[in-house]
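K.L.:
Sharing a structure with you now.
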Amino acid sequence: MTTFLFDGDDTAPITILLAHGAGASMDSPSMTAAAKALAAAGFQVARFEFHYMAARRYGHRKPPPRAETVNPEYVKAIADLRAKGVSGPLIIGGKSMGGRVASMVADEMFAKGEISGLICLGYPFHPPAKPEQLRTKHLAGLKTPTLIFQGTRDEFGTQDEVAGYVLSEGIEIHWLEDGDHDLKPRKSISGFSTADHLKTLAEAVKAWSGRIVS
């Protein structure tokens, strides 16, 4: 059974399931801050870890696997969340690799009526310094309503780069000024704090979810 970390009220009308990025756990500071911001906006948020990351808690230092190899783990996490009694509309997503994995299983789950939408926190459009190695092919035909939050200086996909990609019309991208891959801005340059951006993110998810969940 998948282990979850929960934030927010279990009577919330919508639940958001989030997976972590390649290198940091589900309880990393950035994941925790994002979950708490979404919970404050009225969502129930569940976080989980892929097996390789969970194994690190027991001293097994495993490198991140190829993202698509953990797709079944994400599908199982959805089933395990439902088995825990979480009902109602579900939005899936995650940070970086976690969001990418969610995006690869989203259409199958959406077609089955299992999920209502997808959110990605810093999508890894390409590896840093390798803009030719795109991870966007499946995004061109994505049918699941999708909201991507991207910092304007994210080295995994900048605003100028992303403007040239072929992406589904179902994908909305919300740019966060001066944000890096963790969506963190430099306050001295942008005037924004990470907390500002997370509040903006949570409010945007709330408005968007109101449109996609009937």
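Lettering and numbering for the structure tokens are positional, with chains as A, B, ... in the shown order, residues counted from 1 in each chain, and ligands counted from 1 in the shown order.
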Applying 12 Å and only C-alpha atoms, which residues near Leu147 (chain A) remain after dropping the ones on its own chain fewer than 6 positions away? List them as an MDAnalysis selection string.

P.N.:
chainID A and resid 91:94 99 103 116:123 139 167:175 201:202 204:209 211:212

K.L.:
Give the helix (DSSP H, G or I) residues of region 23-143 of chain A, as DSSP finds them on the backbone, and put them as a short mmCIF file (atom, residue, chain, number, x, y, z; two decimals) with all heavy atoms, in the first residue's frame.

P.N.:
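File produced: selection.cif:
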data_model
loop_
_atom_site.label_atom_id
_atom_site.label_comp_id
_atom_site.auth_asym_id
_atom_site.auth_seq_id
_atom_site.Cartn_x
_atom_site.Cartn_y
_atom_site.Cartn_z
N PRO A 29 11.35 20.64 1.58
CA PRO A 29 10.76 21.95 1.88
C PRO A 29 9.87 22.49 0.77
O PRO A 29 8.79 23.03 1.04
CB PRO A 29 11.99 22.84 2.10
CG PRO A 29 13.05 21.90 2.61
CD PRO A 29 12.81 20.62 1.87
N SER A 30 10.28 22.33 -0.48
CA SER A 30 9.47 22.90 -1.57
C SER A 30 8.16 22.13 -1.75
O SER A 30 7.11 22.73 -2.00
CB SER A 30 10.26 22.93 -2.88
OG SER A 30 10.59 21.64 -3.33
N MET A 31 8.20 20.80 -1.61
CA MET A 31 6.96 20.01 -1.72
C MET A 31 6.02 20.33 -0.56
O MET A 31 4.81 20.46 -0.74
CB MET A 31 7.29 18.51 -1.71
CG MET A 31 7.82 17.96 -3.01
SD MET A 31 6.59 17.88 -4.33
CE MET A 31 5.55 16.53 -3.77
N THR A 32 6.59 20.46 0.63
CA THR A 32 5.77 20.75 1.81
C THR A 32 5.12 22.13 1.68
O THR A 32 3.93 22.29 1.95
CB THR A 32 6.64 20.69 3.08
OG1 THR A 32 7.17 19.36 3.21
CG2 THR A 32 5.83 21.02 4.31
N ALA A 33 5.90 23.11 1.22
CA ALA A 33 5.36 24.46 1.07
C ALA A 33 4.24 24.50 0.04
O ALA A 33 3.21 25.15 0.24
CB ALA A 33 6.48 25.43 0.68
N ALA A 34 4.42 23.79 -1.07
CA ALA A 34 3.38 23.75 -2.11
C ALA A 34 2.11 23.07 -1.59
O ALA A 34 1.00 23.56 -1.82
CB ALA A 34 3.90 23.02 -3.34
N ALA A 35 2.28 21.96 -0.88
CA ALA A 35 1.12 21.24 -0.34
C ALA A 35 0.35 22.10 0.66
O ALA A 35 -0.89 22.14 0.64
CB ALA A 35 1.58 19.94 0.33
N LYS A 36 1.08 22.81 1.50
CA LYS A 36 0.42 23.65 2.52
C LYS A 36 -0.30 24.84 1.87
O LYS A 36 -1.38 25.24 2.31
CB LYS A 36 1.43 24.09 3.58
CG LYS A 36 1.93 22.90 4.40
CD LYS A 36 2.58 23.29 5.70
CE LYS A 36 2.99 22.07 6.52
NZ LYS A 36 1.93 21.08 6.70
N ALA A 37 0.29 25.39 0.82
CA ALA A 37 -0.37 26.49 0.11
C ALA A 37 -1.67 26.03 -0.54
O ALA A 37 -2.69 26.73 -0.49
CB ALA A 37 0.58 27.08 -0.93
N LEU A 38 -1.65 24.85 -1.15
CA LEU A 38 -2.86 24.31 -1.78
C LEU A 38 -3.91 23.95 -0.73
O LEU A 38 -5.11 24.17 -0.94
CB LEU A 38 -2.50 23.08 -2.63
CG LEU A 38 -1.74 23.38 -3.92
CD1 LEU A 38 -1.11 22.11 -4.48
CD2 LEU A 38 -2.66 24.02 -4.96
N ALA A 39 -3.46 23.42 0.41
CA ALA A 39 -4.39 23.10 1.49
C ALA A 39 -5.05 24.37 2.02
O ALA A 39 -6.26 24.39 2.30
CB ALA A 39 -3.66 22.36 2.61
N ALA A 40 -4.27 25.45 2.11
CA ALA A 40 -4.81 26.72 2.60
C ALA A 40 -5.86 27.28 1.64
O ALA A 40 -6.73 28.06 2.04
CB ALA A 40 -3.68 27.73 2.80
N HIS A 51 9.06 4.17 -5.38
CA HIS A 51 9.79 3.18 -4.57
C HIS A 51 11.26 3.55 -4.37
O HIS A 51 11.81 3.39 -3.28
CB HIS A 51 9.70 1.79 -5.22
CG HIS A 51 8.32 1.23 -5.29
ND1 HIS A 51 7.33 1.58 -4.39
CD2 HIS A 51 7.74 0.35 -6.16
CE1 HIS A 51 6.21 0.93 -4.69
NE2 HIS A 51 6.43 0.19 -5.77
N TYR A 52 11.91 4.06 -5.44
CA TYR A 52 13.34 4.35 -5.32
C TYR A 52 13.59 5.42 -4.27
O TYR A 52 14.60 5.39 -3.55
CB TYR A 52 13.94 4.75 -6.68
CG TYR A 52 13.72 6.19 -7.05
CD1 TYR A 52 14.65 7.18 -6.72
CD2 TYR A 52 12.57 6.59 -7.73
CE1 TYR A 52 14.44 8.51 -7.05
CE2 TYR A 52 12.36 7.91 -8.07
CZ TYR A 52 13.29 8.87 -7.73
OH TYR A 52 13.07 10.19 -8.04
N MET A 53 12.68 6.40 -4.17
CA MET A 53 12.85 7.47 -3.19
C MET A 53 12.52 6.97 -1.79
O MET A 53 13.23 7.28 -0.82
CB MET A 53 11.95 8.65 -3.57
CG MET A 53 12.11 9.87 -2.65
SD MET A 53 13.76 10.60 -2.62
CE MET A 53 13.83 11.36 -4.25
N ALA A 54 11.46 6.18 -1.66
CA ALA A 54 11.10 5.62 -0.36
C ALA A 54 12.24 4.76 0.18
O ALA A 54 12.52 4.74 1.39
CB ALA A 54 9.82 4.81 -0.48
N ALA A 55 12.94 4.04 -0.73
CA ALA A 55 14.04 3.16 -0.31
C ALA A 55 15.20 3.95 0.30
O ALA A 55 15.96 3.43 1.12
CB ALA A 55 14.54 2.35 -1.51
N ARG A 56 15.34 5.22 -0.08
CA ARG A 56 16.42 6.04 0.47
C ARG A 56 16.25 6.27 1.97
O ARG A 56 17.22 6.52 2.68
CB ARG A 56 16.48 7.39 -0.26
CG ARG A 56 16.93 7.27 -1.71
CD ARG A 56 17.06 8.62 -2.37
NE ARG A 56 17.44 8.49 -3.77
CZ ARG A 56 17.71 9.50 -4.57
NH1 ARG A 56 17.63 10.74 -4.11
NH2 ARG A 56 18.06 9.31 -5.83
N ALA A 67 11.79 7.96 -16.13
CA ALA A 67 10.48 8.39 -15.64
C ALA A 67 9.36 7.43 -16.01
O ALA A 67 8.51 7.09 -15.18
CB ALA A 67 10.17 9.80 -16.14
N GLU A 68 9.36 6.96 -17.27
CA GLU A 68 8.23 6.13 -17.70
C GLU A 68 8.16 4.79 -16.98
O GLU A 68 7.10 4.16 -16.93
CB GLU A 68 8.26 5.91 -19.22
CG GLU A 68 9.55 5.33 -19.76
CD GLU A 68 10.59 6.39 -20.12
OE1 GLU A 68 10.48 7.53 -19.64
OE2 GLU A 68 11.51 6.05 -20.88
N THR A 69 9.28 4.34 -16.38
CA THR A 69 9.27 3.05 -15.69
C THR A 69 8.47 3.09 -14.39
O THR A 69 8.11 2.04 -13.86
CB THR A 69 10.70 2.55 -15.39
OG1 THR A 69 11.33 3.45 -14.47
CG2 THR A 69 11.52 2.43 -16.67
N VAL A 70 8.20 4.29 -13.87
CA VAL A 70 7.43 4.38 -12.62
C VAL A 70 5.97 4.75 -12.88
O VAL A 70 5.21 4.96 -11.94
CB VAL A 70 8.08 5.35 -11.60
CG1 VAL A 70 9.42 4.82 -11.16
CG2 VAL A 70 8.20 6.75 -12.14
N ASN A 71 5.57 4.80 -14.15
CA ASN A 71 4.16 5.07 -14.46
C ASN A 71 3.21 4.15 -13.69
O ASN A 71 2.21 4.62 -13.13
CB ASN A 71 3.89 4.93 -15.97
CG ASN A 71 4.48 6.06 -16.78
OD1 ASN A 71 5.13 6.96 -16.25
ND2 ASN A 71 4.27 6.03 -18.09
N PRO A 72 3.49 2.81 -13.63
CA PRO A 72 2.58 1.93 -12.89
C PRO A 72 2.47 2.30 -11.41
O PRO A 72 1.41 2.08 -10.80
CB PRO A 72 3.19 0.54 -13.08
CG PRO A 72 4.01 0.64 -14.33
CD PRO A 72 4.56 2.04 -14.32
N GLU A 73 3.53 2.84 -10.84
CA GLU A 73 3.49 3.24 -9.42
C GLU A 73 2.52 4.39 -9.22
O GLU A 73 1.86 4.49 -8.19
CB GLU A 73 4.89 3.61 -8.92
CG GLU A 73 5.85 2.43 -8.84
CD GLU A 73 7.21 2.86 -8.29
OE1 GLU A 73 7.25 3.64 -7.33
OE2 GLU A 73 8.23 2.42 -8.84
N TYR A 74 2.47 5.29 -10.21
CA TYR A 74 1.53 6.41 -10.08
C TYR A 74 0.08 5.91 -10.18
O TYR A 74 -0.79 6.31 -9.40
CB TYR A 74 1.81 7.50 -11.14
CG TYR A 74 1.37 8.86 -10.66
CD1 TYR A 74 2.26 9.91 -10.51
CD2 TYR A 74 0.04 9.10 -10.29
CE1 TYR A 74 1.85 11.15 -10.01
CE2 TYR A 74 -0.38 10.32 -9.81
CZ TYR A 74 0.53 11.34 -9.67
OH TYR A 74 0.11 12.56 -9.16
N VAL A 75 -0.16 5.00 -11.12
CA VAL A 75 -1.50 4.43 -11.29
C VAL A 75 -1.92 3.72 -10.00
O VAL A 75 -3.07 3.84 -9.55
CB VAL A 75 -1.54 3.48 -12.49
CG1 VAL A 75 -2.87 2.74 -12.57
CG2 VAL A 75 -1.29 4.25 -13.79
N LYS A 76 -0.97 2.98 -9.39
CA LYS A 76 -1.27 2.28 -8.14
C LYS A 76 -1.56 3.27 -7.01
O LYS A 76 -2.45 3.03 -6.17
CB LYS A 76 -0.10 1.37 -7.74
CG LYS A 76 -0.38 0.54 -6.48
CD LYS A 76 0.76 -0.41 -6.18
CE LYS A 76 0.40 -1.34 -5.02
NZ LYS A 76 0.22 -0.63 -3.74
N ALA A 77 -0.84 4.39 -6.98
CA ALA A 77 -1.07 5.39 -5.93
C ALA A 77 -2.49 5.94 -6.03
O ALA A 77 -3.14 6.17 -5.00
CB ALA A 77 -0.05 6.52 -6.05
N ILE A 78 -2.98 6.13 -7.25
CA ILE A 78 -4.36 6.60 -7.42
C ILE A 78 -5.34 5.57 -6.84
O ILE A 78 -6.26 5.91 -6.09
CB ILE A 78 -4.67 6.87 -8.91
CG1 ILE A 78 -3.82 8.04 -9.43
CG2 ILE A 78 -6.15 7.15 -9.11
CD1 ILE A 78 -3.85 8.22 -10.93
N ALA A 79 -5.11 4.30 -7.17
CA ALA A 79 -5.98 3.23 -6.67
C ALA A 79 -5.90 3.12 -5.15
O ALA A 79 -6.93 2.95 -4.47
CB ALA A 79 -5.60 1.90 -7.31
N ASP A 80 -4.70 3.24 -4.60
CA ASP A 80 -4.52 3.15 -3.15
C ASP A 80 -5.17 4.33 -2.42
O ASP A 80 -5.70 4.18 -1.32
CB ASP A 80 -3.03 3.07 -2.79
CG ASP A 80 -2.40 1.73 -3.15
OD1 ASP A 80 -3.17 0.80 -3.49
OD2 ASP A 80 -1.17 1.61 -3.12
N LEU A 81 -5.13 5.49 -3.06
CA LEU A 81 -5.77 6.67 -2.46
C LEU A 81 -7.28 6.46 -2.39
O LEU A 81 -7.92 6.75 -1.37
CB LEU A 81 -5.43 7.91 -3.30
CG LEU A 81 -5.83 9.27 -2.72
CD1 LEU A 81 -5.04 9.57 -1.44
CD2 LEU A 81 -5.60 10.38 -3.75
N ARG A 82 -7.85 5.92 -3.46
CA ARG A 82 -9.28 5.61 -3.46
C ARG A 82 -9.60 4.54 -2.43
O ARG A 82 -10.65 4.61 -1.76
CB ARG A 82 -9.71 5.14 -4.86
CG ARG A 82 -9.62 6.21 -5.96
CD ARG A 82 -10.47 7.42 -5.68
NE ARG A 82 -10.68 8.26 -6.86
CZ ARG A 82 -11.17 9.49 -6.81
NH1 ARG A 82 -11.50 10.03 -5.63
NH2 ARG A 82 -11.35 10.20 -7.91
N ALA A 83 -8.71 3.56 -2.30
CA ALA A 83 -8.93 2.48 -1.34
C ALA A 83 -8.93 3.00 0.09
O ALA A 83 -9.53 2.38 0.98
CB ALA A 83 -7.86 1.40 -1.51
N MET A 97 9.84 15.74 -12.23
CA MET A 97 9.64 14.37 -12.71
C MET A 97 8.28 13.82 -12.27
O MET A 97 7.62 13.09 -13.04
CB MET A 97 10.75 13.45 -12.21
CG MET A 97 10.64 12.02 -12.77
SD MET A 97 11.84 10.88 -12.07
CE MET A 97 10.83 10.01 -10.88
N GLY A 98 7.85 14.16 -11.07
CA GLY A 98 6.55 13.68 -10.59
C GLY A 98 5.41 14.15 -11.47
O GLY A 98 4.47 13.40 -11.77
N GLY A 99 5.49 15.41 -11.91
CA GLY A 99 4.48 15.94 -12.81
C GLY A 99 4.57 15.31 -14.19
O GLY A 99 3.55 15.07 -14.85
N ARG A 100 5.80 15.02 -14.62
CA ARG A 100 5.99 14.38 -15.92
C ARG A 100 5.38 12.98 -15.92
O ARG A 100 4.69 12.59 -16.87
CB ARG A 100 7.47 14.32 -16.26
CG ARG A 100 7.75 13.74 -17.63
CD ARG A 100 9.23 13.69 -17.93
NE ARG A 100 9.49 12.91 -19.13
CZ ARG A 100 10.58 12.18 -19.33
NH1 ARG A 100 11.54 12.14 -18.42
NH2 ARG A 100 10.74 11.49 -20.44
N VAL A 101 5.62 12.22 -14.86
CA VAL A 101 5.04 10.87 -14.76
C VAL A 101 3.51 10.97 -14.75
O VAL A 101 2.82 10.24 -15.46
CB VAL A 101 5.56 10.13 -13.51
CG1 VAL A 101 4.84 8.79 -13.33
CG2 VAL A 101 7.07 9.91 -13.61
N ALA A 102 2.99 11.91 -13.96
CA ALA A 102 1.53 12.10 -13.91
C ALA A 102 0.98 12.42 -15.29
O ALA A 102 -0.08 11.93 -15.69
CB ALA A 102 1.18 13.21 -12.92
N SER A 103 1.73 13.21 -16.06
CA SER A 103 1.27 13.59 -17.41
C SER A 103 1.25 12.40 -18.35
O SER A 103 0.47 12.37 -19.31
CB SER A 103 2.16 14.70 -17.98
OG SER A 103 3.42 14.22 -18.41
N MET A 104 2.09 11.40 -18.08
CA MET A 104 2.14 10.22 -18.94
C MET A 104 1.01 9.23 -18.65
O MET A 104 0.66 8.42 -19.51
CB MET A 104 3.51 9.53 -18.84
CG MET A 104 4.62 10.34 -19.50
SD MET A 104 6.19 9.45 -19.65
CE MET A 104 6.86 9.62 -17.99
N VAL A 105 0.44 9.29 -17.46
CA VAL A 105 -0.68 8.38 -17.13
C VAL A 105 -2.01 9.12 -17.16
O VAL A 105 -3.07 8.50 -17.04
CB VAL A 105 -0.48 7.69 -15.75
CG1 VAL A 105 0.85 6.95 -15.72
CG2 VAL A 105 -0.59 8.68 -14.60
N ALA A 106 -1.97 10.44 -17.32
CA ALA A 106 -3.17 11.26 -17.15
C ALA A 106 -4.30 10.88 -18.12
O ALA A 106 -5.44 10.70 -17.68
CB ALA A 106 -2.82 12.74 -17.31
N ASP A 107 -4.01 10.78 -19.42
CA ASP A 107 -5.09 10.54 -20.37
C ASP A 107 -5.80 9.21 -20.14
O ASP A 107 -7.02 9.12 -20.28
CB ASP A 107 -4.57 10.64 -21.81
CG ASP A 107 -4.61 12.07 -22.33
OD1 ASP A 107 -4.99 12.98 -21.56
OD2 ASP A 107 -4.23 12.28 -23.50
N GLU A 108 -5.01 8.18 -19.77
CA GLU A 108 -5.64 6.87 -19.47
C GLU A 108 -6.59 7.00 -18.28
O GLU A 108 -7.71 6.49 -18.30
CB GLU A 108 -4.54 5.84 -19.16
CG GLU A 108 -5.07 4.46 -18.80
CD GLU A 108 -4.01 3.54 -18.19
OE1 GLU A 108 -2.81 3.89 -18.23
OE2 GLU A 108 -4.39 2.49 -17.66
N MET A 109 -6.14 7.70 -17.24
CA MET A 109 -6.96 7.87 -16.03
C MET A 109 -8.15 8.81 -16.29
O MET A 109 -9.24 8.61 -15.76
CB MET A 109 -6.09 8.43 -14.90
CG MET A 109 -4.98 7.51 -14.43
SD MET A 109 -5.61 6.07 -13.52
CE MET A 109 -5.47 4.81 -14.77
N PHE A 110 -7.92 9.83 -17.11
CA PHE A 110 -8.98 10.79 -17.44
C PHE A 110 -10.08 10.11 -18.24
O PHE A 110 -11.28 10.32 -18.00
CB PHE A 110 -8.38 11.96 -18.23
CG PHE A 110 -9.36 13.07 -18.54
CD1 PHE A 110 -9.93 13.82 -17.52
CD2 PHE A 110 -9.70 13.36 -19.85
CE1 PHE A 110 -10.82 14.85 -17.81
CE2 PHE A 110 -10.59 14.38 -20.16
CZ PHE A 110 -11.15 15.13 -19.14
N ALA A 111 -9.68 9.26 -19.19
CA ALA A 111 -10.65 8.54 -20.03
C ALA A 111 -11.52 7.61 -19.19
O ALA A 111 -12.69 7.37 -19.51
CB ALA A 111 -9.93 7.76 -21.12
N LYS A 137 6.60 15.20 -26.51
CA LYS A 137 5.84 14.51 -27.57
C LYS A 137 4.42 14.18 -27.13
O LYS A 137 3.45 14.45 -27.86
CB LYS A 137 6.59 13.24 -27.99
CG LYS A 137 6.02 12.61 -29.25
CD LYS A 137 6.87 11.41 -29.69
CE LYS A 137 6.28 10.78 -30.94
NZ LYS A 137 7.04 9.58 -31.35
N HIS A 138 4.29 13.60 -25.93
CA HIS A 138 2.95 13.19 -25.48
C HIS A 138 2.08 14.38 -25.08
O HIS A 138 0.86 14.25 -24.94
CB HIS A 138 3.06 12.21 -24.30
CG HIS A 138 3.58 12.82 -23.05
ND1 HIS A 138 4.88 13.25 -22.91
CD2 HIS A 138 2.98 13.11 -21.86
CE1 HIS A 138 5.06 13.76 -21.70
NE2 HIS A 138 3.92 13.68 -21.05
N LEU A 139 2.69 15.54 -24.90
CA LEU A 139 1.92 16.72 -24.49
C LEU A 139 1.15 17.34 -25.66
O LEU A 139 0.21 18.10 -25.45
CB LEU A 139 2.85 17.78 -23.88
CG LEU A 139 3.62 17.38 -22.62
CD1 LEU A 139 4.46 18.53 -22.12
CD2 LEU A 139 2.67 16.90 -21.52
#

K.L.:
Please return as a PyMOL selection string: the residues of region 38-212 of chain A that backbone DSSP assigns to strand (DSSP E or B).

P.N.:
chain A and resi 44-48+90-95+117-121+146-151+171-176

K.L.:
For Glu161 (chain A), which of A:Arg57, A:Lys130, A:Lys84, A:Lys199 is the closest residue, counting only C-alpha atoms?

P.N.:
A:Lys130

K.L.:
Work out how far apart CA of Pro13 (chain A) and CA of Phe48 (chain A) are and give it in Å to one decimal.

P.N.:
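For CA of Pro13 (chain A) relative to CA of Phe48 (chain A), the distance reads 20.1 Å.
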
K.L.:
Could you name the residues that touch region 10-12 of chain A at 10 Å or less, counting only C-alpha atoms, but leaving out those on the same chain fewer than 3 positions away, as a ChimeraX atom specification?

P.N.:
/A:6-7,15,39,42-45,85-89

K.L.:
Given the selection you just returned, output its residues as a file containing C-alpha atoms, formatted as a PDB file, in the first residue's frame.

P.N.:
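Final output, result-v5.pdb:
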ATOM      1  CA  PHE A   6      -1.982  14.490   3.859  1.00  0.00           C
ATOM      2  CA  ASP A   7      -2.586  18.227   4.170  1.00  0.00           C
ATOM      3  CA  THR A  15      -8.208  16.205  -3.676  1.00  0.00           C
ATOM      4  CA  ALA A  39      -4.389  23.100   1.489  1.00  0.00           C
ATOM      5  CA  GLY A  42      -9.273  24.644   0.318  1.00  0.00           C
ATOM      6  CA  PHE A  43      -7.910  21.450  -1.218  1.00  0.00           C
ATOM      7  CA  GLN A  44      -7.062  18.136   0.393  1.00  0.00           C
ATOM      8  CA  VAL A  45      -3.515  17.346  -0.729  1.00  0.00           C
ATOM      9  CA  GLY A  85     -11.711   6.199   1.125  1.00  0.00           C
ATOM     10  CA  VAL A  86     -10.757   9.371  -0.731  1.00  0.00           C
ATOM     11  CA  SER A  87     -13.699  10.006  -3.023  1.00  0.00           C
ATOM     12  CA  GLY A  88     -14.791  12.908  -5.167  1.00  0.00           C
ATOM     13  CA  PRO A  89     -12.883  14.739  -7.893  1.00  0.00           C
TER      14      PRO A  89
END

K.L.:
A:His60, A:His197, A:Arg153, A:Arg66: which is nearest Pro128 (chain A), counting only C-alpha atoms?

P.N.:
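Checking each of A:His60, A:His197, A:Arg153, A:Arg66 against Pro128 (chain A), counting only C-alpha atoms, the winner is A:Arg153.
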
K.L.:
State, in Å with one decimal place, the distance from CA of Tyr165 (chain A) to CA of Lys184 (chain A).

P.N.:
23.6 Å

K.L.:
Hey, can you check how far CA of Pro131 (chain A) sits from CA of Glu155 (chain A)?

P.N.:
9.2 Å

K.L.:
Between A:Thr3, A:Ser96, A:Thr200, A:Thr194, which has the minimum distance to Phe156 (chain A) (counting only C-alpha atoms)?

P.N.:
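For Phe156 (chain A), the nearest of the given residues is A:Ser96.
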